Amino acid sequence: CGFVALIGEPNAGKSTLMNRMVGSKIAIVTHTVQTTRARLRGIALRGETQIVFVDTPGLFRTKRKLDRAMVAAAWSGAADADVVVLLVEAHRGITKGVEMILEGLEKRGNPKQVVALAINKIDKVKSEVLLALTKDLNERFPFAETFLISAEKGHGVEALAEWLAKTLPEGPWLYPEDQIADAPMRM
């Protein structure tokens, strides 16, 4: 059992991925940026492993107080996790926001924490672009593993889930077997 923080720019697909992993719609998915305003946990089971996903607000350069609070919540969620999964949109590539996140991972780096890369929305780009992006990102940061996924369509998601289940530390489950989120239904 362990915590997996999903981080990335706004609209990178963090909520979509968590919903896919959990198998139920527990996080809002919309084109509107910054819909996720607080950390939400989704609980998925893979064999004997309970994976607790932390869906964080998108990381971006802040201007307002509320924005700073949301970004702080996202980094806090990442710091507390056993594994961090950085989602990058394949069709947007390495933006200034992605560069900022990579710098943040290096600054906040915990040598014991595992960081994986998930390049999302792979169905929107050609394979040559995807391969070049994968190479470039892995040269910029030492990711433990790289996954090419489409959270919306499910491509590559099961491979990521299986890897997470093998990577998380041994420990007791934190939630009952039938619980899929840590928030009440009203939220």
# chains A, B, ... in the order shown; residues from 1 in each chain; ligands from 1
call {"tool": "closest_atom_pairs", "arguments": {"of": "stretch 58-166 of chain A", "to": "stretch 22-26 of chain A", "cutoff": "12 Å", "atoms": "only C-alpha atoms", "output": "JSON lines"}}
result
{"residue": "A:Ala151", "atom": "CA", "partner": "A:Gly23", "partner_atom": "CA", "distance": 11.7}
{"residue": "A:Glu152", "atom": "CA", "partner": "A:Lys25", "partner_atom": "CA", "distance": 12.0}
{"residue": "A:Gly154", "atom": "CA", "partner": "A:Gly23", "partner_atom": "CA", "distance": 10.9}
{"residue": "A:Val157", "atom": "CA", "partner": "A:Val22", "partner_atom": "CA", "distance": 11.3}
{"residue": "A:Glu158", "atom": "CA", "partner": "A:Val22", "partner_atom": "CA", "distance": 11.4}
{"residue": "A:Ala161", "atom": "CA", "partner": "A:Val22", "partner_atom": "CA", "distance": 10.1}
call {"tool": "residues_around", "arguments": {"residues": "A:Ile7", "least_positions_apart": "5", "cutoff": "7 Å", "atoms": "only C-alpha atoms", "output": "tab-separated table (two decimals) with all heavy atoms, in the first residue's frame"}}
result
chain	number	residue	atom	x	y	z
A	14	LYS	N	-4.50	14.51	-15.25
A	14	LYS	CA	-4.33	13.88	-13.93
A	14	LYS	C	-5.64	13.29	-13.41
A	14	LYS	O	-5.67	12.14	-12.98
A	14	LYS	CB	-3.77	14.91	-12.93
A	14	LYS	CG	-2.41	15.48	-13.35
A	14	LYS	CD	-1.93	16.57	-12.43
A	14	LYS	CE	-2.76	17.81	-12.43
A	14	LYS	NZ	-2.77	18.58	-13.68
A	56	THR	N	-3.63	16.08	-7.71
A	56	THR	CA	-3.25	17.42	-7.25
A	56	THR	C	-3.69	18.48	-8.24
A	56	THR	O	-3.88	18.20	-9.42
A	56	THR	CB	-1.71	17.51	-7.09
A	56	THR	OG1	-1.10	17.28	-8.35
A	56	THR	CG2	-1.20	16.51	-6.07
A	58	GLY	N	-3.19	21.50	-10.86
A	58	GLY	CA	-2.13	21.69	-11.85
A	58	GLY	C	-1.06	22.65	-11.35
A	58	GLY	O	-1.33	23.58	-10.60
A	85	VAL	N	4.16	10.64	-10.20
A	85	VAL	CA	4.03	10.43	-11.64
A	85	VAL	C	3.80	11.80	-12.28
A	85	VAL	O	2.81	12.46	-12.00
A	85	VAL	CB	2.85	9.48	-11.99
A	85	VAL	CG1	2.71	9.35	-13.51
A	85	VAL	CG2	3.05	8.11	-11.35
A	86	LEU	N	4.77	12.21	-13.10
A	86	LEU	CA	4.65	13.47	-13.83
A	86	LEU	C	3.95	13.20	-15.15
A	86	LEU	O	4.43	12.39	-15.96
A	86	LEU	CB	6.03	14.08	-14.09
A	86	LEU	CG	6.08	15.26	-15.07
A	86	LEU	CD1	5.22	16.43	-14.57
A	86	LEU	CD2	7.51	15.70	-15.31
A	87	LEU	N	2.81	13.86	-15.36
A	87	LEU	CA	2.09	13.74	-16.63
A	87	LEU	C	2.47	14.92	-17.52
A	87	LEU	O	2.42	16.07	-17.10
A	87	LEU	CB	0.57	13.75	-16.40
A	87	LEU	CG	-0.03	12.38	-16.14
A	87	LEU	CD1	0.12	12.00	-14.69
A	87	LEU	CD2	-1.47	12.36	-16.54
call {"tool": "closest_residue", "arguments": {"among": "A:Thr167, A:Thr134, A:Thr95, A:Ser150", "to": "A:Gln113", "atoms": "only C-alpha atoms"}}
result
A:Thr167
